Structures are given as structure tokens and as C-alpha cells.
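**Student:** Pasting start27.cif here (mmCIF, C-alpha atoms):
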data_structure
loop_
_atom_site.label_atom_id
_atom_site.label_comp_id
_atom_site.auth_asym_id
_atom_site.auth_seq_id
_atom_site.Cartn_x
_atom_site.Cartn_y
_atom_site.Cartn_z
CA MET A 4 0.00 0.00 0.00
CA ALA A 5 2.88 2.36 0.71
CA GLU A 6 3.74 2.19 -2.99
CA ILE A 7 0.76 4.46 -3.60
CA ILE A 8 2.91 7.49 -2.96
CA GLY A 9 6.32 5.98 -3.42
CA SER A 10 8.55 5.84 -0.37
CA LYS A 11 6.91 8.89 1.18
CA LYS A 12 4.29 8.43 3.88
CA LEU A 13 1.77 11.06 4.86
CA LYS A 14 2.41 12.50 8.31
CA VAL A 15 -0.20 12.21 11.05
CA ALA A 16 -0.73 14.30 14.19
CA SER A 17 -2.97 12.69 16.80
CA LEU A 18 -4.79 14.65 19.51
CA PHE A 19 -6.64 12.83 22.33
CA CYS A 20 -4.65 9.75 21.24
CA GLY A 21 -5.46 7.70 24.38
CA CYS A 22 -3.83 4.29 24.26
CA GLY A 23 -3.60 4.41 20.46
CA GLY A 24 -6.61 2.82 18.76
CA MET A 25 -6.86 5.44 16.01
CA ASP A 26 -3.08 5.56 15.57
CA LEU A 27 -2.69 1.81 15.27
CA GLY A 28 -5.56 1.69 12.81
CA ILE A 29 -4.28 4.43 10.53
CA GLN A 30 -0.77 2.97 10.38
CA GLY A 31 -1.88 -0.64 9.95
CA ASN A 32 0.51 -3.58 9.90
CA PHE A 33 -1.17 -5.59 12.66
CA SER A 34 -3.17 -8.81 12.91
CA PHE A 35 -6.50 -9.56 14.51
CA LEU A 36 -8.18 -12.98 14.69
CA GLY A 37 -5.85 -14.41 12.07
CA LYS A 38 -6.34 -11.59 9.56
CA HIS A 39 -3.49 -9.24 8.71
CA PHE A 40 -4.25 -5.58 8.16
CA ASP A 41 -1.65 -4.20 5.78
CA ALA A 42 0.55 -1.23 6.53
CA LEU A 43 -1.01 1.99 5.23
CA PRO A 44 0.94 4.97 3.85
CA PHE A 45 0.60 7.00 7.04
CA GLU A 46 3.09 7.73 9.80
CA VAL A 47 2.26 9.27 13.17
CA VAL A 48 4.77 12.04 13.91
CA TYR A 49 3.00 13.66 16.86
CA ALA A 50 0.60 12.38 19.50
CA ALA A 51 -0.68 13.83 22.76
CA ASP A 52 -3.09 12.92 25.55
CA ASN A 53 -3.62 14.07 29.15
CA ASP A 54 -4.16 10.59 30.66
CA LYS A 55 -0.81 9.39 31.98
CA TYR A 56 -1.94 5.77 32.19
CA ALA A 57 -3.25 5.68 28.61
CA THR A 58 -0.03 7.32 27.41
CA THR A 59 2.00 4.71 29.32
CA ILE A 60 0.18 1.99 27.36
CA TYR A 61 0.65 3.96 24.14
CA ASN A 62 4.38 4.42 24.62
CA SER A 63 4.82 0.71 25.31
CA ASN A 64 3.31 -0.18 21.93
CA PHE A 65 4.58 2.42 19.45
CA ILE A 66 8.07 3.35 18.29
CA HIS A 67 7.10 7.02 18.21
CA LYS A 68 6.12 8.39 21.62
CA CYS A 69 3.19 10.53 22.63
CA GLU A 70 3.35 13.52 24.92
CA LEU A 71 1.54 13.64 28.24
CA LYS A 72 -0.14 16.95 27.61
CA ASP A 73 -3.48 18.69 27.89
CA VAL A 74 -4.61 19.73 24.42
CA ARG A 75 -5.37 23.19 25.83
CA ASP A 76 -1.66 23.62 26.49
CA ILE A 77 -0.71 22.83 22.90
CA ILE A 78 0.42 25.82 20.86
CA PRO A 79 -0.91 25.10 17.35
CA SER A 80 2.07 26.65 15.58
CA GLN A 81 4.39 24.31 17.47
CA VAL A 82 2.63 21.12 16.34
CA PRO A 83 4.88 19.41 13.76
CA ASP A 84 3.79 19.77 10.16
CA HIS A 85 1.40 16.99 9.20
CA ASP A 86 -0.92 15.86 6.42
CA ILE A 87 -3.67 14.41 8.60
CA LEU A 88 -5.00 15.45 12.01
CA LEU A 89 -6.75 12.84 14.16
CA GLY A 90 -8.97 13.55 17.12
CA GLY A 91 -11.70 11.82 19.11
CA PHE A 92 -12.70 14.99 20.93
CA PRO A 93 -14.93 14.87 24.05
CA CYS A 94 -18.51 15.95 23.46
CA GLN A 95 -20.26 15.67 26.82
CA SER A 96 -20.57 19.39 27.38
CA PHE A 97 -21.58 21.09 24.16
CA SER A 98 -24.37 23.59 24.44
CA ILE A 99 -26.14 26.04 22.20
CA SER A 100 -25.72 29.64 23.31
CA ALA A 101 -28.93 31.63 23.25
CA GLN A 102 -27.83 34.15 20.70
CA ASN A 103 -29.17 35.35 17.38
CA PRO A 104 -27.94 33.59 15.38
CA PRO A 105 -27.38 30.69 17.82
CA ARG A 106 -23.77 29.80 18.52
CA LEU A 107 -21.97 26.67 19.63
CA GLY A 108 -20.84 27.00 23.22
CA TYR A 109 -19.82 24.77 26.09
CA LYS A 110 -21.02 24.00 29.58
CA ASP A 111 -17.60 23.38 31.10
CA ASP A 112 -13.92 23.08 30.18
CA ARG A 113 -14.36 19.77 28.35
CA GLY A 114 -16.46 21.48 25.72
CA LYS A 115 -13.54 23.71 24.81
CA LEU A 116 -11.44 20.80 23.59
CA PHE A 117 -13.23 20.61 20.24
CA PHE A 118 -12.22 24.20 19.55
CA GLU A 119 -8.57 23.37 20.29
CA MET A 120 -8.69 20.82 17.46
CA VAL A 121 -10.22 23.45 15.18
CA ASN A 122 -7.44 25.87 16.14
CA VAL A 123 -4.78 23.37 15.06
CA LEU A 124 -6.59 22.90 11.73
CA LYS A 125 -6.72 26.64 11.16
CA GLU A 126 -3.03 27.05 11.93
CA LYS A 127 -1.53 23.99 10.23
CA GLN A 128 -4.06 23.38 7.40
CA PRO A 129 -3.35 19.66 6.90
CA ARG A 130 -4.73 18.01 3.80
CA PHE A 131 -7.19 15.84 5.78
CA PHE A 132 -8.54 15.34 9.27
CA ILE A 133 -10.48 12.50 10.87
CA GLY A 134 -12.65 13.01 13.93
CA GLU A 135 -14.53 10.33 15.87
CA ASN A 136 -17.28 10.59 18.44
CA VAL A 137 -20.24 8.90 20.07
CA LYS A 138 -23.57 8.44 18.30
CA GLY A 139 -25.17 10.86 20.74
CA LEU A 140 -23.29 13.74 19.14
CA LEU A 141 -25.81 13.64 16.29
CA SER A 142 -28.75 14.29 18.63
CA ALA A 143 -27.02 16.58 21.17
CA ASN A 144 -29.02 19.70 22.00
CA LYS A 145 -32.03 18.37 20.12
CA GLY A 146 -29.94 17.90 17.00
CA LYS A 147 -28.71 21.49 16.92
CA ALA A 148 -25.11 20.96 18.07
CA PHE A 149 -23.82 18.70 15.31
CA PRO A 150 -24.54 21.06 12.36
CA MET A 151 -22.72 23.78 14.26
CA ILE A 152 -19.75 21.50 14.88
CA VAL A 153 -19.60 20.74 11.15
CA LYS A 154 -19.82 24.49 10.49
CA GLU A 155 -16.79 25.14 12.69
CA PHE A 156 -14.79 22.61 10.68
CA GLU A 157 -15.95 24.24 7.46
CA LYS A 158 -14.93 27.68 8.75
CA ALA A 159 -11.46 26.22 9.37
CA GLY A 160 -11.25 25.60 5.62
CA TYR A 161 -12.56 22.04 5.12
CA TYR A 162 -15.14 20.17 3.10
CA ILE A 163 -16.86 17.61 5.33
CA HIS A 164 -18.11 14.04 5.00
CA HIS A 165 -19.61 12.33 8.06
CA LYS A 166 -21.24 8.99 8.71
CA LEU A 167 -22.40 6.80 11.58
CA LEU A 168 -20.51 3.50 11.43
CA ASN A 169 -21.22 0.32 13.39
CA ALA A 170 -17.97 -1.47 14.27
CA SER A 171 -19.66 -4.89 14.05
CA GLU A 172 -20.09 -4.37 10.29
CA TYR A 173 -16.33 -3.99 9.83
CA GLY A 174 -14.92 -7.10 11.48
CA VAL A 175 -15.06 -5.96 15.12
CA PRO A 176 -16.87 -8.23 17.63
CA GLN A 177 -18.78 -5.30 19.12
CA LYS A 178 -21.95 -3.36 18.29
CA ARG A 179 -20.26 0.00 18.74
CA GLU A 180 -21.77 2.93 16.82
CA ARG A 181 -19.57 5.95 16.29
CA VAL A 182 -19.70 9.07 14.14
CA PHE A 183 -16.72 9.61 11.87
CA ILE A 184 -16.10 13.09 10.49
CA VAL A 185 -13.60 13.32 7.64
CA GLY A 186 -12.47 16.72 6.45
CA PHE A 187 -10.73 17.67 3.20
CA ARG A 188 -8.88 20.86 2.41
CA GLU A 189 -9.14 20.22 -1.34
CA PHE A 190 -12.50 19.80 -3.06
CA ASP A 191 -11.18 17.02 -5.35
CA ASP A 192 -10.24 14.92 -2.31
CA TYR A 193 -13.69 15.55 -0.84
CA PHE A 194 -15.45 14.69 -4.11
CA ASN A 195 -13.58 11.41 -4.55
CA PHE A 196 -13.91 10.06 -0.99
CA ARG A 197 -16.34 7.31 -0.05
CA PHE A 198 -16.73 5.77 3.38
CA PRO A 199 -15.95 2.04 3.41
CA ASN A 200 -18.77 -0.35 2.70
CA PRO A 201 -19.67 -2.90 5.41
CA GLN A 202 -17.20 -5.77 5.38
CA THR A 203 -19.30 -8.44 7.11
CA LEU A 204 -22.09 -9.58 4.83
CA ASN A 205 -24.51 -12.52 4.99
CA GLY A 206 -24.37 -12.92 8.75
CA SER A 207 -20.59 -13.15 8.90
CA LYS A 208 -20.09 -10.75 11.81
CA ILE A 209 -17.39 -11.66 14.30
CA LYS A 210 -18.93 -13.48 17.27
CA LEU A 211 -18.13 -12.65 20.86
CA LYS A 212 -17.13 -16.25 21.56
CA GLN A 213 -14.19 -15.82 19.17
CA VAL A 214 -12.45 -13.49 21.64
CA ILE A 215 -13.41 -15.08 24.97
CA ASP A 216 -10.58 -16.49 27.10
CA LYS A 217 -11.68 -19.93 28.23
CA LYS A 218 -9.03 -19.91 30.98
CA ALA A 219 -10.86 -16.99 32.61
CA ASN A 220 -13.96 -19.18 32.85
CA LYS A 221 -12.12 -21.24 35.47
CA ASP A 222 -10.82 -18.30 37.53
CA ASP A 223 -13.09 -17.11 40.36
CA LYS A 224 -11.44 -13.69 40.19
CA TRP A 225 -13.62 -12.72 37.24
CA PHE A 226 -16.96 -13.94 38.65
CA PHE A 227 -19.45 -11.85 40.63
CA SER A 228 -20.01 -12.77 44.25
CA GLN A 229 -23.29 -14.26 45.42
CA LYS A 230 -23.90 -11.02 47.33
CA ALA A 231 -23.71 -9.04 44.06
CA VAL A 232 -26.06 -11.50 42.36
CA ASP A 233 -28.58 -11.32 45.22
CA GLY A 234 -28.50 -7.52 45.08
CA MET A 235 -29.21 -7.57 41.37
CA LEU A 236 -32.10 -10.01 41.75
CA ARG A 237 -33.83 -7.75 44.29
CA VAL A 238 -34.17 -4.95 41.72
CA ARG A 239 -34.27 -6.93 38.50
CA GLU A 240 -37.73 -5.66 37.52
CA LYS A 241 -36.34 -2.11 37.33
CA MET A 242 -33.26 -3.04 35.34
CA ASN A 243 -32.53 -2.89 31.66
CA LYS A 244 -32.71 -6.31 30.06
CA GLY A 245 -30.20 -7.94 27.78
CA ARG A 246 -27.03 -7.34 29.82
CA VAL A 247 -25.87 -10.96 29.57
CA GLN A 248 -24.26 -11.31 26.17
CA ASP A 249 -25.08 -13.80 23.43
CA LEU A 250 -21.76 -15.47 22.60
CA ASN A 251 -22.92 -16.02 19.03
CA GLN A 252 -23.40 -12.29 18.40
CA PRO A 253 -21.08 -9.27 18.59
CA CYS A 254 -20.85 -7.80 22.10
CA ASN A 255 -22.79 -4.75 23.21
CA THR A 256 -20.73 -1.58 23.45
CA ILE A 257 -18.08 -1.68 26.15
CA SER A 258 -17.13 1.48 28.00
CA SER A 259 -14.45 2.82 30.28
CA HIS A 260 -16.67 1.76 33.21
CA LEU A 261 -15.76 -1.91 32.91
CA ALA A 262 -13.36 -1.48 35.82
CA LYS A 263 -16.42 -0.91 38.03
CA VAL A 264 -18.91 -3.06 36.16
CA SER A 265 -21.98 -3.85 38.23
CA LEU A 266 -24.85 -6.26 37.77
CA ASN A 267 -27.08 -3.26 38.51
CA GLY A 268 -25.61 -1.31 35.61
CA THR A 269 -25.91 -1.60 31.85
CA ASP A 270 -22.42 -2.82 30.95
CA PRO A 271 -22.26 -6.22 29.20
CA VAL A 272 -21.38 -9.31 31.23
CA LEU A 273 -21.10 -13.04 30.56
CA MET A 274 -23.08 -15.97 31.89
CA ILE A 275 -20.82 -19.02 32.33
CA ASP A 276 -22.36 -22.16 33.79
CA GLU A 277 -25.18 -20.15 35.38
CA ARG A 278 -22.69 -17.72 36.95
CA TYR A 279 -22.13 -14.08 36.01
CA ARG A 280 -18.64 -12.93 35.15
CA ARG A 281 -16.97 -9.77 33.94
CA PHE A 282 -14.60 -9.50 30.99
CA THR A 283 -10.86 -9.55 31.55
CA PRO A 284 -8.89 -6.53 30.30
CA ARG A 285 -7.46 -8.67 27.50
CA GLU A 286 -10.96 -9.75 26.46
CA ALA A 287 -12.05 -6.10 26.47
CA ALA A 288 -9.09 -5.24 24.23
CA SER A 289 -10.04 -8.06 21.84
CA ILE A 290 -13.66 -6.90 21.80
CA GLN A 291 -12.22 -3.55 20.67
CA SER A 292 -10.12 -5.38 18.00
CA PHE A 293 -6.69 -4.72 19.49
CA PRO A 294 -4.20 -7.44 18.51
CA GLU A 295 -3.00 -9.98 21.06
CA SER A 296 0.45 -8.45 20.81
CA PHE A 297 -0.79 -5.10 22.13
CA LYS A 298 0.74 -4.61 25.59
CA LEU A 299 -1.61 -3.72 28.41
CA ASP A 300 -0.27 -4.96 31.73
CA ILE A 301 2.16 -2.09 32.30
CA VAL A 302 -0.62 -0.34 34.23
CA SER A 303 -3.23 -1.59 36.71
CA GLU A 304 -6.25 -3.54 35.50
CA ASN A 305 -8.54 -0.62 36.35
CA ARG A 306 -6.48 1.69 34.15
CA GLN A 307 -6.40 -0.90 31.37
CA TYR A 308 -10.20 -1.07 31.32
CA ARG A 309 -10.49 2.72 31.19
CA ALA A 310 -7.98 3.15 28.36
CA ILE A 311 -9.42 0.32 26.27
CA GLY A 312 -13.03 1.40 26.83
CA ASN A 313 -12.25 4.91 25.60
CA ALA A 314 -10.38 3.74 22.50
CA VAL A 315 -11.37 3.65 18.84
CA PRO A 316 -11.41 0.05 17.50
CA PRO A 317 -8.21 -0.23 15.40
CA VAL A 318 -9.85 -2.48 12.79
CA LEU A 319 -12.68 0.02 12.23
CA MET A 320 -10.17 2.86 11.97
CA TRP A 321 -8.08 0.84 9.50
CA HIS A 322 -11.05 0.55 7.14
CA VAL A 323 -11.71 4.30 7.28
CA ALA A 324 -8.04 5.07 6.68
CA HIS A 325 -7.87 2.49 3.89
CA ALA A 326 -10.79 4.23 2.18
CA LEU A 327 -8.79 7.44 2.34
CA THR A 328 -5.90 5.83 0.48
CA LYS A 329 -8.10 5.50 -2.59
CA ASN A 330 -7.84 9.29 -2.93
CA LEU A 331 -4.07 8.89 -2.96
CA THR A 332 -4.31 6.18 -5.60
CA LEU A 333 -6.43 8.43 -7.80
CA GLU A 334 -4.02 11.33 -7.30
CA THR A 335 -1.04 9.19 -8.30
CA LYS A 336 -2.78 7.90 -11.43
CA THR A 337 -3.60 11.47 -12.45
CA LYS A 338 0.00 12.55 -11.96
CA LYS A 339 1.26 9.60 -14.01
CA LYS A 340 -1.09 10.49 -16.86
CA LYS A 341 0.13 14.08 -16.82
CA LEU A 342 3.76 12.93 -16.74
CA ASN A 343 3.21 10.49 -19.62
CA LYS A 344 1.52 13.22 -21.62
CA GLN A 345 4.43 15.58 -20.99
CA LEU A 346 6.95 12.92 -22.01
CA ALA A 347 4.99 12.18 -25.17
CA GLU A 348 5.11 15.86 -26.11
CA VAL A 349 8.90 16.06 -25.73
#
Would it be possible to restate this file's structure as C-alpha cells?

**Tutor:**
Amino acid sequence: MAEIIGSKKLKVASLFCGCGGMDLGIQGNFSFLGKHFDALPFEVVYAADNDKYATTIYNSNFIHKCELKDVRDIIPSQVPDHDILLGGFPCQSFSISAQNPPRLGYKDDRGKLFFEMVNVLKEKQPRFFIGENVKGLLSANKGKAFPMIVKEFEKAGYYIHHKLLNASEYGVPQKRERVFIVGFREFDDYFNFRFPNPQTLNGSKIKLKQVIDKKANKDDKWFFSQKAVDGMLRVREKMNKGRVQDLNQPCNTISSHLAKVSLNGTDPVLMIDERYRRFTPREAASIQSFPESFKLDIVSENRQYRAIGNAVPPVLMWHVAHALTKNLTLETKTKKKKLNKQLAEV
């Protein structure tokens, strides 16, 4: 794939990089469930996150190292030059300011982080950017916030494609729906881009049982106590149904709360021989499509759960990034035609 643009790779800057799901996906060259995902023509040259435990995991898995840094402390002009900006910006605190016309605001400091990403785009003007966020972003503020977010990206100088993708349709054993926003500085790039088509057709989605560790089924550490089960049973009529996962289907969405998973909550759990058990951190990583070789145990189990639950599934990201390479292929073919034409005229 790197032959698309010769020996040169496009440079990537990654904000809110976490433990590296987006970064692993965009670079490729990893395997998951026996399938190899080829190296893509992208190279991460800058990464930053403010979670020291997630960055510890990141720096144990990548040759390039990320900075432990709050994005608000980043000076846009000092970010290394790059061709693509990545960012899964927080969205919990967007609000619509009561102005005429209405404006995108924020309820607390977390809402400002989106604007920091926009500031880097305005300053550095990379060729592309890829943003990722929860499905709820589309309906935030009664559906008013998302169009304004898109408008901010457009004001930074970008043409925008966006789409809600379900990870289970792209070879990930998890029903995780996320909004991907892809921005293009050049109209031709925007015009030629298409989001990847679903990869799992005719009922071929990856099943949860394919990533379950059977050894954990024999370890009491991962099972809920009888006290926890009794507490759940007392309030079961008030609880959401469907928490216990069907091993023959993709898993429900996992979150950063798996470290504190409760039978009274909504996080997915397993039923093994009539006993409830939680996922191990490694199982959670596999549900997110991280390869077995991805190192986790350099931080505590609680921190592993949090980092993995917040991550972008690498396999899903790979498919989005792979779709972007088709623009590069088209560009190279166009350049070759022009060069051949010039040579023919000599």
C-alpha cells in the first residue's frame, strides 16, 4: 500500500490519542483474529493525551512516543507539520448559546477541547482530518449541536463528510456505533472520498465467543459474588434487560466503566455455567479489535479497562483510513497520466 505514494508516507498528528486505537488503525501492519491488516501509507509524527496511564500503554506499543499533555496547552504553531490530524474529541458538554444567530458554546472546560482541534486545523491546514465521536453527538441539544460542529470545521477551511458507522459491520466483535467526520482541504479529495462499505455480509459478523478467554472461565477472580447477584435479583424488575451477552453475536458496546462493572448497571457481562462474570482486560481489548500483541499490563487492571473502553477500534479505523488511500491512488494515477503526456510531447 505504501507504494501508492512511493517511499513517502503522509504524516499524522494525533490529539486525544489515548492508548492508540486510532493511531494503530491508521498505520496498519497488525493482525487480529488471524487476519493481517496491511501497513497503510501513514506515519504518526506527533501524539498527545492528558491521561498518563493511557499514554503509558501507548508508549509501550509504538516506536514514536506521545506527549503527556493537555490539548489546551498545545500551541498550534508548534505542532509538527502533518498531512492528517486525528482527534476523538470529548462531546459531553456542548451547548447552544442563546444568541441570534445561535452559537456553539460549552457548559464546562471539556467542551472547549473541540475548539482546540479546530485551532490546530486553522493554523496547520493539513490536507485531511479524521474526527470520531459517540452516536449521541448527532442528537445533542435536540440535534442542533452537530450542524454547528460541522460548520466550525468548514470555517477552518474544510469540506466535510460524516457517517455513523457500526464497528460490528467492519470485522469488530462489538456493536459500537460511532460518528466519523472526515475533512478535506481540497474539493477534489472531498469529491472522490467514499466511506468504506460494510465488510461483514450474509451474517458473517465476528462473534463474541471468538475473543473469549476460556481460561478466565475457570478463575473465580472474574466472577461476581453471590452477594452481588442477590443484590441484582432484588431490583431486576427495574433493570434494563439484555445485559448478559449472546456469545454467538457481537458484544454490546463496552465502555471505560468496565473497571467498576456492576450487575445493577448496563455494561455487558457473561453468563458461564449459570454464573455471572466480567470480561478480563485482554478480552475487552479483543472486543475492541486490538491485537494480542498489544501490551496492556504495564498499568493496573482498572487503568487498562479505562484506556481500552475509551479507545477507537483499530480495525474500524483501519477501514476508514484504507478508504482514504483510494484518494491517494487516484491522485497518483492522475500525476502519471500528466507525466506520460508531458513525455509524449517532448

**Student:** Show me as a ChimeraX atom specification the residues that reach within 10 Å of (-19.4, -17.0, 17.1), counting only C-alpha atoms and using the file's own coordinates.

**Tutor:** /A:176,207-214,249-253

**Student:** Give me, as a short mmCIF file (atom, residue, chain, number, x, y, z; two decimals) with C-alpha atoms, keeping the file's coordinate frame, all polymer residues having an atom no more than 6 Å from region 182-194 of chain A, counting all atoms listed in the file and skipping those fewer than 6 positions away in the same chain.

**Tutor:**
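File around.cif, as written:
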data_model
loop_
_atom_site.label_atom_id
_atom_site.label_comp_id
_atom_site.auth_asym_id
_atom_site.auth_seq_id
_atom_site.Cartn_x
_atom_site.Cartn_y
_atom_site.Cartn_z
CA ARG A 130 -4.73 18.01 3.80
CA PHE A 131 -7.19 15.84 5.78
CA PHE A 132 -8.54 15.34 9.27
CA ILE A 133 -10.48 12.50 10.87
CA GLY A 134 -12.65 13.01 13.93
CA GLU A 135 -14.53 10.33 15.87
CA ASN A 136 -17.28 10.59 18.44
CA VAL A 137 -20.24 8.90 20.07
CA LYS A 138 -23.57 8.44 18.30
CA TYR A 161 -12.56 22.04 5.12
CA TYR A 162 -15.14 20.17 3.10
CA ILE A 163 -16.86 17.61 5.33
CA HIS A 164 -18.11 14.04 5.00
CA HIS A 165 -19.61 12.33 8.06
CA LYS A 166 -21.24 8.99 8.71
CA LEU A 167 -22.40 6.80 11.58
#

**Student:** Please determine the residues with any atom at most 8 Å from (-18.5, -24.3, 31.3) (coordinates as given in the file, with all atoms listed in the file counting) and report them as a count of residues only.

**Tutor:** 3

**Student:** Rounded to one decimal place, report the CA of Gly146 (chain A)-CA of Thr256 (chain A) distance in Å.

**Tutor:**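 Separation of CA of Gly146 (chain A) and CA of Thr256 (chain A): 22.5 Å.
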
**Student:** If I take CA of Arg306 (chain A) and CA of Glu70 (chain A), how far is one from the other in Å, to one decimal?

**Tutor:** 17.9 Å

**Student:** Distance CA of Thr203 (chain A)-CA of Val272 (chain A), one decimal place?

**Tutor:**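 Separating CA of Thr203 (chain A) from CA of Val272 (chain A) is a distance of 24.2 Å.
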
**Student:** Would you mind listing what lies within 9 Å of region 13-15 of chain A as a list in words, with all atoms listed in the file counted and same-chain residues fewer than 4 positions away left out?

**Tutor:**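 Once the adjacent positions are removed, what remains is Ile8, Asp26, Ile29, Pro44, Phe45, Glu46, Val47, Val48, Tyr49, Ala50, Asp84, His85, Asp86, Ile87, Leu88 and Leu89 of chain A.
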
**Student:** If you apply the PyMOL selection byres ((chain A and resi 35) around 9) to this file, what residues do you get, as a CSV table (one decimal) with C-alpha atoms, keeping the file's coordinate frame?

**Tutor:**
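What ended up in expr.csv:
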chain,number,residue,atom,x,y,z
A,33,PHE,CA,-1.2,-5.6,12.7
A,34,SER,CA,-3.2,-8.8,12.9
A,36,LEU,CA,-8.2,-13.0,14.7
A,37,GLY,CA,-5.8,-14.4,12.1
A,38,LYS,CA,-6.3,-11.6,9.6
A,39,HIS,CA,-3.5,-9.2,8.7
A,40,PHE,CA,-4.2,-5.6,8.2
A,289,SER,CA,-10.0,-8.1,21.8
A,292,SER,CA,-10.1,-5.4,18.0
A,293,PHE,CA,-6.7,-4.7,19.5
A,294,PRO,CA,-4.2,-7.4,18.5
A,295,GLU,CA,-3.0,-10.0,21.1
A,318,VAL,CA,-9.8,-2.5,12.8

**Student:** For Ala310 (chain A), work out the shell of residues within 8 Å, counting all atoms listed in the file and skipping chain neighbours fewer than 2 positions away, then give it as a count of residues only.

**Tutor:** 11

**Student:** Evaluate the PyMOL selection byres ((chain A and resi 224) around 12) here and jot the selected residues down as a tab-separated table (two decimals) with C-alpha atoms, keeping the file's coordinate frame.

**Tutor:**
chain	number	residue	atom	x	y	z
A	218	LYS	CA	-9.03	-19.91	30.98
A	219	ALA	CA	-10.86	-16.99	32.61
A	220	ASN	CA	-13.96	-19.18	32.85
A	221	LYS	CA	-12.12	-21.24	35.47
A	222	ASP	CA	-10.82	-18.30	37.53
A	223	ASP	CA	-13.09	-17.11	40.36
A	225	TRP	CA	-13.62	-12.72	37.24
A	226	PHE	CA	-16.96	-13.94	38.65
A	227	PHE	CA	-19.45	-11.85	40.63
A	228	SER	CA	-20.01	-12.77	44.25
A	279	TYR	CA	-22.13	-14.08	36.01
A	280	ARG	CA	-18.64	-12.93	35.15
A	281	ARG	CA	-16.97	-9.77	33.94
A	282	PHE	CA	-14.60	-9.50	30.99
A	283	THR	CA	-10.86	-9.55	31.55

**Student:** Step by step, work through what the PyMOL selection byres ((chain A and resi 52) around 7) selects in the shown file, and finish by giving those residues as a list of chain:residue names.

**Tutor:**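 Applying the expression gives A:Leu18, A:Phe19, A:Cys20, A:Gly21, A:Ala51, A:Asn53, A:Asp54, A:Thr58, A:Glu70, A:Leu71, A:Lys72, A:Asp73.
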
**Student:** Using all atoms listed in the file, which residue out of A:Leu319, A:Leu331, A:Val247, A:Leu261 lies closest to Tyr173 (chain A)?

**Tutor:**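 The closest residue to Tyr173 (chain A) is A:Leu319.
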
**Student:** Restricting the calculation to all atoms listed in the file: of A:Ala143, A:Met151, A:Ile77, A:Ile290, which residue gets closest to Glu119 (chain A)?

**Tutor:** A:Ile77

**Student:** When distances are computed from only C-alpha atoms, which of A:Leu27, A:Cys254, A:Leu266, A:Leu124 shows the smallest separation from Glu157 (chain A)?

**Tutor:**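 Checking each candidate against Glu157 (chain A), we get A:Leu124 as the closest.
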